[in-house]
$ cat query06.cif   # mmCIF, C-alpha atoms
data_my_file
loop_
_atom_site.group_PDB
_atom_site.id
_atom_site.type_symbol
_atom_site.label_atom_id
_atom_site.label_comp_id
_atom_site.auth_asym_id
_atom_site.auth_seq_id
_atom_site.Cartn_x
_atom_site.Cartn_y
_atom_site.Cartn_z
ATOM 1 C CA MET A 380 79.741 282.600 193.697
ATOM 2 C CA LYS A 381 80.452 282.461 189.979
ATOM 3 C CA ASP A 382 84.114 281.671 190.672
ATOM 4 C CA ILE A 383 83.137 278.713 192.877
ATOM 5 C CA LEU A 384 80.734 277.398 190.224
ATOM 6 C CA LYS A 385 83.418 277.789 187.583
ATOM 7 C CA LEU A 386 85.906 275.887 189.769
ATOM 8 C CA VAL A 387 83.396 273.066 190.334
ATOM 9 C CA VAL A 388 82.773 272.760 186.593
ATOM 10 C CA VAL A 389 86.511 272.705 185.811
ATOM 11 C CA LEU A 390 87.225 270.081 188.487
ATOM 12 C CA THR A 391 84.298 267.963 187.280
ATOM 13 C CA LEU A 392 85.589 268.081 183.709
ATOM 14 C CA ILE A 393 89.108 267.171 184.838
ATOM 15 C CA ALA A 394 87.850 264.267 186.951
ATOM 16 C CA GLY A 395 85.620 263.041 184.139
ATOM 17 C CA GLY A 396 88.451 263.263 181.622
ATOM 18 C CA ALA A 397 90.823 261.421 183.934
ATOM 19 C CA GLY A 398 88.244 258.694 184.502
ATOM 20 C CA LEU A 399 87.678 258.315 180.761
ATOM 21 C CA LEU A 400 91.421 258.164 180.113
ATOM 22 C CA LEU A 401 91.920 255.483 182.775
ATOM 23 C CA SER A 402 89.061 253.476 181.321
ATOM 24 C CA LEU A 403 90.558 253.638 177.828
ATOM 25 C CA VAL A 404 94.013 252.633 179.114
ATOM 26 C CA GLU A 405 92.489 249.673 180.980
ATOM 27 C CA GLN A 406 90.668 248.510 177.846
ATOM 28 C CA VAL A 407 93.813 248.793 175.734
ATOM 29 C CA THR A 408 96.069 246.959 178.226
ATOM 30 C CA ARG A 409 93.580 244.285 179.371
ATOM 31 C CA ALA A 410 94.219 241.853 176.519
ATOM 32 C CA PRO A 411 98.056 242.135 176.548
ATOM 33 C CA ILE A 412 98.148 241.646 180.337
ATOM 34 C CA ALA A 413 95.862 238.617 180.093
ATOM 35 C CA GLU A 414 98.057 237.145 177.348
ATOM 36 C CA GLN A 415 101.209 237.756 179.374
ATOM 37 C CA ARG A 416 99.687 235.926 182.353
ATOM 38 C CA ARG A 417 98.624 233.077 180.077
ATOM 39 C CA GLN A 418 102.153 232.755 178.714
ATOM 40 C CA GLU A 419 103.603 232.731 182.250
ATOM 41 C CA THR A 420 101.172 229.997 183.275
ATOM 42 C CA LEU A 421 101.903 227.997 180.111
ATOM 43 C CA LYS A 422 105.655 228.284 180.722
ATOM 44 C CA ALA A 423 105.222 226.892 184.248
ATOM 45 C CA LEU A 424 102.969 224.098 182.995
ATOM 46 C CA LEU A 425 105.450 222.990 180.356
ATOM 47 C CA ALA A 426 108.236 223.076 182.955
ATOM 48 C CA VAL A 427 106.491 220.652 185.327
ATOM 49 C CA MET A 428 104.836 218.257 182.890
ATOM 50 C CA PRO A 429 106.289 215.349 180.921
ATOM 51 C CA PRO A 430 106.595 215.885 177.123
ATOM 52 C CA ILE A 431 103.207 216.912 175.666
ATOM 53 C CA ASP A 432 101.890 218.176 172.338
ATOM 54 C CA ASN A 433 98.738 220.030 173.425
ATOM 55 C CA SER A 434 98.093 223.336 175.192
ATOM 56 C CA PRO A 435 97.307 222.295 178.776
ATOM 57 C CA ASP A 436 95.856 225.695 179.626
ATOM 58 C CA ALA A 437 93.076 224.889 177.144
ATOM 59 C CA ASP A 438 92.420 221.415 178.592
ATOM 60 C CA THR A 439 91.339 221.936 182.173
ATOM 61 C CA VAL A 440 88.925 220.680 184.784
ATOM 62 C CA ALA A 441 87.918 222.694 187.855
ATOM 63 C CA LEU A 442 86.868 221.039 191.098
ATOM 64 C CA ILE A 443 85.136 222.831 193.940
ATOM 65 C CA THR A 444 87.284 222.504 197.065
ATOM 66 C CA GLY A 445 85.067 224.465 199.453
ATOM 67 C CA GLN A 446 83.673 227.923 200.033
ATOM 68 C CA ASP A 447 85.208 231.209 201.083
ATOM 69 C CA LYS A 448 84.023 233.411 203.943
ATOM 70 C CA LYS A 449 81.365 234.960 201.701
ATOM 71 C CA GLY A 450 79.937 231.589 200.716
ATOM 72 C CA ARG A 451 81.359 231.616 197.217
ATOM 73 C CA ASP A 452 82.753 228.420 195.702
ATOM 74 C CA VAL A 453 86.528 228.001 195.796
ATOM 75 C CA GLN A 454 87.900 226.034 192.866
ATOM 76 C CA ARG A 455 91.140 224.258 192.083
ATOM 77 C CA VAL A 456 91.995 224.082 188.399
ATOM 78 C CA PHE A 457 93.782 221.039 186.986
ATOM 79 C CA TYR A 458 95.649 221.412 183.698
ATOM 80 C CA ARG A 459 95.900 218.289 181.571
ATOM 81 C CA GLY A 460 98.783 217.572 179.216
ATOM 82 C CA ARG A 461 98.410 215.078 176.384
ATOM 83 C CA MET A 462 100.666 213.357 173.892
ATOM 84 C CA GLN A 463 98.886 212.282 170.712
ATOM 85 C CA GLY A 464 95.580 212.594 172.539
ATOM 86 C CA VAL A 465 96.583 210.404 175.476
ATOM 87 C CA LEU A 466 96.756 211.958 178.947
ATOM 88 C CA ALA A 467 100.445 212.238 179.853
ATOM 89 C CA GLY A 468 100.325 214.390 182.951
ATOM 90 C CA THR A 469 98.406 216.858 185.055
ATOM 91 C CA ALA A 470 99.463 220.078 186.754
ATOM 92 C CA PHE A 471 97.880 222.116 189.509
ATOM 93 C CA LYS A 472 98.705 224.975 191.835
ATOM 94 C CA VAL A 473 99.068 224.669 195.578
ATOM 95 C CA VAL A 474 99.608 227.438 198.084
ATOM 96 C CA ALA A 475 101.736 227.060 201.195
ATOM 97 C CA PRO A 476 100.182 229.645 203.539
ATOM 98 C CA ASP A 477 102.797 229.187 206.240
ATOM 99 C CA GLY A 478 105.974 230.278 204.505
ATOM 100 C CA TYR A 479 108.356 232.402 206.561
ATOM 101 C CA SER A 480 107.167 235.565 204.794
ATOM 102 C CA GLY A 481 103.660 234.516 203.800
ATOM 103 C CA ASN A 482 102.116 232.561 200.949
ATOM 104 C CA ILE A 483 104.250 230.512 198.583
ATOM 105 C CA GLU A 484 102.549 229.634 195.282
ATOM 106 C CA ILE A 485 103.674 226.406 193.651
ATOM 107 C CA MET A 486 102.897 224.643 190.373
ATOM 108 C CA VAL A 487 103.085 220.850 190.680
ATOM 109 C CA GLY A 488 103.150 218.393 187.790
ATOM 110 C CA VAL A 489 102.256 214.722 188.181
ATOM 111 C CA ASP A 490 101.956 211.699 185.929
ATOM 112 C CA SER A 491 98.775 209.630 185.721
ATOM 113 C CA GLU A 492 99.726 207.735 188.897
ATOM 114 C CA GLY A 493 100.328 210.846 190.981
ATOM 115 C CA THR A 494 104.142 210.830 190.896
ATOM 116 C CA VAL A 495 105.726 214.286 190.735
ATOM 117 C CA THR A 496 107.166 215.141 187.320
ATOM 118 C CA GLY A 497 108.091 218.726 188.096
ATOM 119 C CA LEU A 498 107.754 221.595 190.527
ATOM 120 C CA GLU A 499 107.996 225.347 189.960
ATOM 121 C CA ILE A 500 107.807 228.183 192.486
ATOM 122 C CA LEU A 501 105.396 230.755 191.060
ATOM 123 C CA ALA A 502 105.465 233.447 193.742
ATOM 124 C CA HIS A 503 106.941 234.027 197.181
ATOM 125 C CA ALA A 504 108.309 236.725 199.468
ATOM 126 C CA GLU A 505 110.960 234.665 201.231
ATOM 127 C CA THR A 506 114.253 236.153 202.422
ATOM 128 C CA PRO A 507 116.771 236.655 199.597
ATOM 129 C CA GLY A 508 119.729 234.304 199.967
ATOM 130 C CA LEU A 509 117.931 232.115 202.510
ATOM 131 C CA GLY A 510 114.303 231.164 201.968
ATOM 132 C CA SER A 511 114.574 232.269 198.346
ATOM 133 C CA LYS A 512 116.717 229.161 197.732
ATOM 134 C CA ILE A 513 113.429 227.292 197.307
ATOM 135 C CA GLU A 514 113.780 228.403 193.674
ATOM 136 C CA ASP A 515 117.131 226.633 193.272
ATOM 137 C CA PRO A 516 117.154 223.612 190.924
ATOM 138 C CA TRP A 517 118.582 221.300 193.610
ATOM 139 C CA PHE A 518 115.673 222.059 195.937
ATOM 140 C CA LYS A 519 112.940 221.668 193.325
ATOM 141 C CA GLY A 520 114.629 218.625 191.824
ATOM 142 C CA GLN A 521 114.344 216.546 194.984
ATOM 143 C CA PHE A 522 110.566 216.289 194.458
ATOM 144 C CA LEU A 523 110.925 214.533 191.090
ATOM 145 C CA GLY A 524 109.820 210.912 191.164
ATOM 146 C CA LYS A 525 108.254 211.266 194.601
ATOM 147 C CA ASN A 526 104.678 210.226 195.405
ATOM 148 C CA LEU A 527 102.622 209.534 198.498
ATOM 149 C CA ASP A 528 103.795 205.923 198.656
ATOM 150 C CA ASN A 529 107.541 206.162 198.124
ATOM 151 C CA ALA A 530 108.437 209.150 200.309
ATOM 152 C CA ASP A 531 107.997 210.426 203.857
ATOM 153 C CA TRP A 532 106.608 213.893 203.198
ATOM 154 C CA ARG A 533 108.555 215.765 205.830
ATOM 155 C CA VAL A 534 111.865 217.595 205.819
ATOM 156 C CA LYS A 535 114.835 215.628 207.151
ATOM 157 C CA LYS A 536 114.873 217.694 210.326
ATOM 158 C CA ASP A 537 111.428 216.253 211.090
ATOM 159 C CA GLY A 538 112.351 212.697 210.062
ATOM 160 C CA GLY A 539 111.368 212.868 206.389
ATOM 161 C CA VAL A 540 113.317 212.628 203.130
ATOM 162 C CA PHE A 541 113.381 216.229 201.914
ATOM 163 C CA ASP A 542 116.417 218.436 202.433
ATOM 164 C CA GLN A 543 115.758 221.659 204.232
ATOM 165 C CA ILE A 544 117.666 224.881 203.585
ATOM 166 C CA THR A 545 120.291 225.776 206.165
ATOM 167 C CA GLY A 546 118.962 228.638 208.249
ATOM 168 C CA ALA A 547 115.556 228.538 206.552
ATOM 169 C CA THR A 548 113.685 225.375 207.493
ATOM 170 C CA ILE A 549 110.259 227.036 207.622
ATOM 171 C CA SER A 550 109.982 227.610 203.871
ATOM 172 C CA PRO A 551 110.886 224.039 202.783
ATOM 173 C CA ARG A 552 108.640 222.572 205.468
ATOM 174 C CA ALA A 553 105.721 224.681 204.206
ATOM 175 C CA ILE A 554 106.316 223.602 200.603
ATOM 176 C CA VAL A 555 106.604 219.903 201.432
ATOM 177 C CA THR A 556 103.356 220.042 203.408
ATOM 178 C CA ALA A 557 101.507 221.942 200.671
ATOM 179 C CA VAL A 558 102.677 219.623 197.880
ATOM 180 C CA ALA A 559 101.758 216.533 199.913
ATOM 181 C CA GLY A 560 98.287 217.996 200.453
ATOM 182 C CA GLY A 561 97.943 218.592 196.724
ATOM 183 C CA LEU A 562 98.955 215.006 195.960
ATOM 184 C CA GLU A 563 96.431 213.690 198.464
ATOM 185 C CA TYR A 564 93.687 215.747 196.824
ATOM 186 C CA TYR A 565 94.761 214.507 193.381
ATOM 187 C CA ARG A 566 94.658 210.899 194.546
ATOM 188 C CA LYS A 567 91.210 211.315 196.087
ATOM 189 C CA HIS A 568 89.747 212.955 192.970
ATOM 190 C CA ARG A 569 91.856 211.337 190.268
ATOM 191 C CA ALA A 570 88.847 209.961 188.388
ATOM 192 C CA GLU A 571 87.169 213.371 188.146
ATOM 193 C CA ILE A 572 90.412 215.079 187.197
ATOM 194 C CA THR A 573 91.448 212.684 184.448
ATOM 195 C CA SER A 574 87.989 212.184 182.992
ATOM 196 C CA GLY A 575 86.642 215.703 183.544
ATOM 197 C CA ARG A 576 83.274 214.487 184.750
ATOM 198 C CA GLY A 577 82.402 217.637 186.653
ATOM 199 C CA GLU A 578 83.000 218.946 190.125
ATOM 200 C CA ALA A 579 83.904 217.443 193.476
ATOM 201 C CA LYS A 580 84.334 218.610 197.041
#
$ encode --input "query06.cif" --output "structure tokens"
Amino acid sequence: MKDILKLVVVLTLIAGGAGLLLSLVEQVTRAPIAEQRRQETLKALLAVMPPIDNSPDADTVALITGQDKKGRDVQRVFYRGRMQGVLAGTAFKVVAPDGYSGNIEIMVGVDSEGTVTGLEILAHAETPGLGSKIEDPWFKGQFLGKNLDNADWRVKKDGGVFDQITGATISPRAIVTAVAGGLEYYRKHRAEITSGRGEAK
């Protein structure tokens, strides 16, 4: 009986010590991880926006786009870039849920009129050498200068203006659709986004 009690005490101390150690490690690494994520976001923002002199990750407006299955608000954050205090461009994330291998996360930059100034692929799980070509400069570059009025937002295979990737049409089609949806949302809520007057659905 004493041996069992001793074993319980030892295991409890080990578990408690391990929990304390994990907690300390989490506290120590929390700030560096958060800063690393901020730098990654800032790098993507600067890549898709026109020349700016502010920190767009510190000039944001969040709009409520709906609710999740638990009834919590779902927000879309818009990052605003400025040059000498004047709004030069806006960036926002869109997610293409119908990529060949799942979600594709995209950062889109637009000017004040809603014309694309840049596009970066943030995350994907597409097939290396095929769908992964969505990261290639030639693919991302074809979105530059496009808006809802001057382009047919479909891949060429479907009658639109965007080149698909040979052997991997699903991924480009998903991106084109997601970006077009983001541009439509921007157009609808442009006043709230550029002025920052609160939230919209």
$ resolve_selection --input "query06.cif" --expression "the PyMOL selection byres ((chain A and resi 499-508) around 8)" --output "compact mmCIF listing (two decimals) with C-alpha atoms, keeping the file's coordinate frame"
# COMPACT_ATOMS: atom_id res chain seq x y z
CA ALA A 423 105.22 226.89 184.25
CA ALA A 426 108.24 223.08 182.96
CA VAL A 427 106.49 220.65 185.33
CA GLY A 478 105.97 230.28 204.50
CA TYR A 479 108.36 232.40 206.56
CA SER A 480 107.17 235.56 204.79
CA GLY A 481 103.66 234.52 203.80
CA ASN A 482 102.12 232.56 200.95
CA ILE A 483 104.25 230.51 198.58
CA GLU A 484 102.55 229.63 195.28
CA ILE A 485 103.67 226.41 193.65
CA MET A 486 102.90 224.64 190.37
CA VAL A 487 103.08 220.85 190.68
CA GLY A 497 108.09 218.73 188.10
CA LEU A 498 107.75 221.60 190.53
CA LEU A 509 117.93 232.12 202.51
CA GLY A 510 114.30 231.16 201.97
CA SER A 511 114.57 232.27 198.35
CA LYS A 512 116.72 229.16 197.73
CA ILE A 513 113.43 227.29 197.31
CA GLU A 514 113.78 228.40 193.67
CA LYS A 519 112.94 221.67 193.32
CA SER A 550 109.98 227.61 203.87
$ closest_residue --input "query06.cif" --among "A:Ser574, A:Gly493, A:Ala530, A:Ala557" --to "Val465 of chain A" --atoms "only C-alpha atoms"
A:Ser574
$ atom_distance --input "query06.cif" --atom1 "atom CA of Pro429 of chain A" --atom2 "atom CA of Ala470 of chain A"
10.1 Å
$ atom_distance --input "query06.cif" --atom1 "atom CA of Leu527 of chain A" --atom2 "atom CA of Glu419 of chain A"
28.3 Å
$ axis_aligned_box --input "query06.cif" --around "segment 485-503 of chain A" --padding-each-side "5 Å" --output "JSON"
{"center_x": 103.4, "center_y": 220.9, "center_z": 191.5, "size_x": 19.3, "size_y": 36.3, "size_z": 21.5}
$ closest_residue --input "query06.cif" --among "A:Leu386, A:Asp515, A:Ile572, A:Lys567" --to "Ile544 of chain A" --atoms "all atoms listed in the file"
A:Asp515
$ residues_around --input "query06.cif" --residues "Val555 of chain A" --least-positions-apart "5" --cutoff "8 Å" --atoms "all atoms listed in the file" --output "list in words"
Trp532, Arg533, Val534 and Phe541 of chain A
$ resolve_selection --input "query06.cif" --expression "the PyMOL selection byres ((chain A and resi 436) around 8)" --output "PDB file with C-alpha atoms, in the coordinates of the input"
ATOM      1  CA  ARG A 417      98.624 233.077 180.077  1.00  0.00           C
ATOM      2  CA  THR A 420     101.172 229.997 183.275  1.00  0.00           C
ATOM      3  CA  LEU A 421     101.903 227.997 180.111  1.00  0.00           C
ATOM      4  CA  SER A 434      98.093 223.336 175.192  1.00  0.00           C
ATOM      5  CA  PRO A 435      97.307 222.295 178.776  1.00  0.00           C
ATOM      6  CA  ALA A 437      93.076 224.889 177.144  1.00  0.00           C
ATOM      7  CA  ASP A 438      92.420 221.415 178.592  1.00  0.00           C
ATOM      8  CA  THR A 439      91.339 221.936 182.173  1.00  0.00           C
ATOM      9  CA  TYR A 458      95.649 221.412 183.698  1.00  0.00           C
ATOM     10  CA  ARG A 459      95.900 218.289 181.571  1.00  0.00           C
TER      11      ARG A 459
END
$ closest_residue --input "query06.cif" --among "A:Leu562, A:Leu466, A:Leu399, A:Val456" --to "Val495 of chain A" --atoms "all atoms listed in the file"
A:Leu562
$ closest_residue --input "query06.cif" --among "A:Gly450, A:Pro551, A:Gly546, A:Pro430" --to "Met462 of chain A" --atoms "all atoms listed in the file"
A:Pro430
$ residues_around --input "query06.cif" --residues "Thr496 of chain A" --least-positions-apart "2" --cutoff "6 Å" --atoms "all atoms listed in the file" --output "number ranges by chain"
A: 427-428, 488-489, 523
$ atom_distance --input "query06.cif" --atom1 "atom CA of Arg416 of chain A" --atom2 "atom CA of Asn526 of chain A"
29.3 Å
$ closest_residue --input "query06.cif" --among "A:Leu384, A:Ala467, A:Ala547, A:Ala475" --to "Asp432 of chain A" --atoms "all atoms listed in the file"
A:Ala467
$ closest_residue --input "query06.cif" --among "A:Arg552, A:Lys385, A:Lys535, A:Lys449" --to "Asp477 of chain A" --atoms "only C-alpha atoms"
A:Arg552
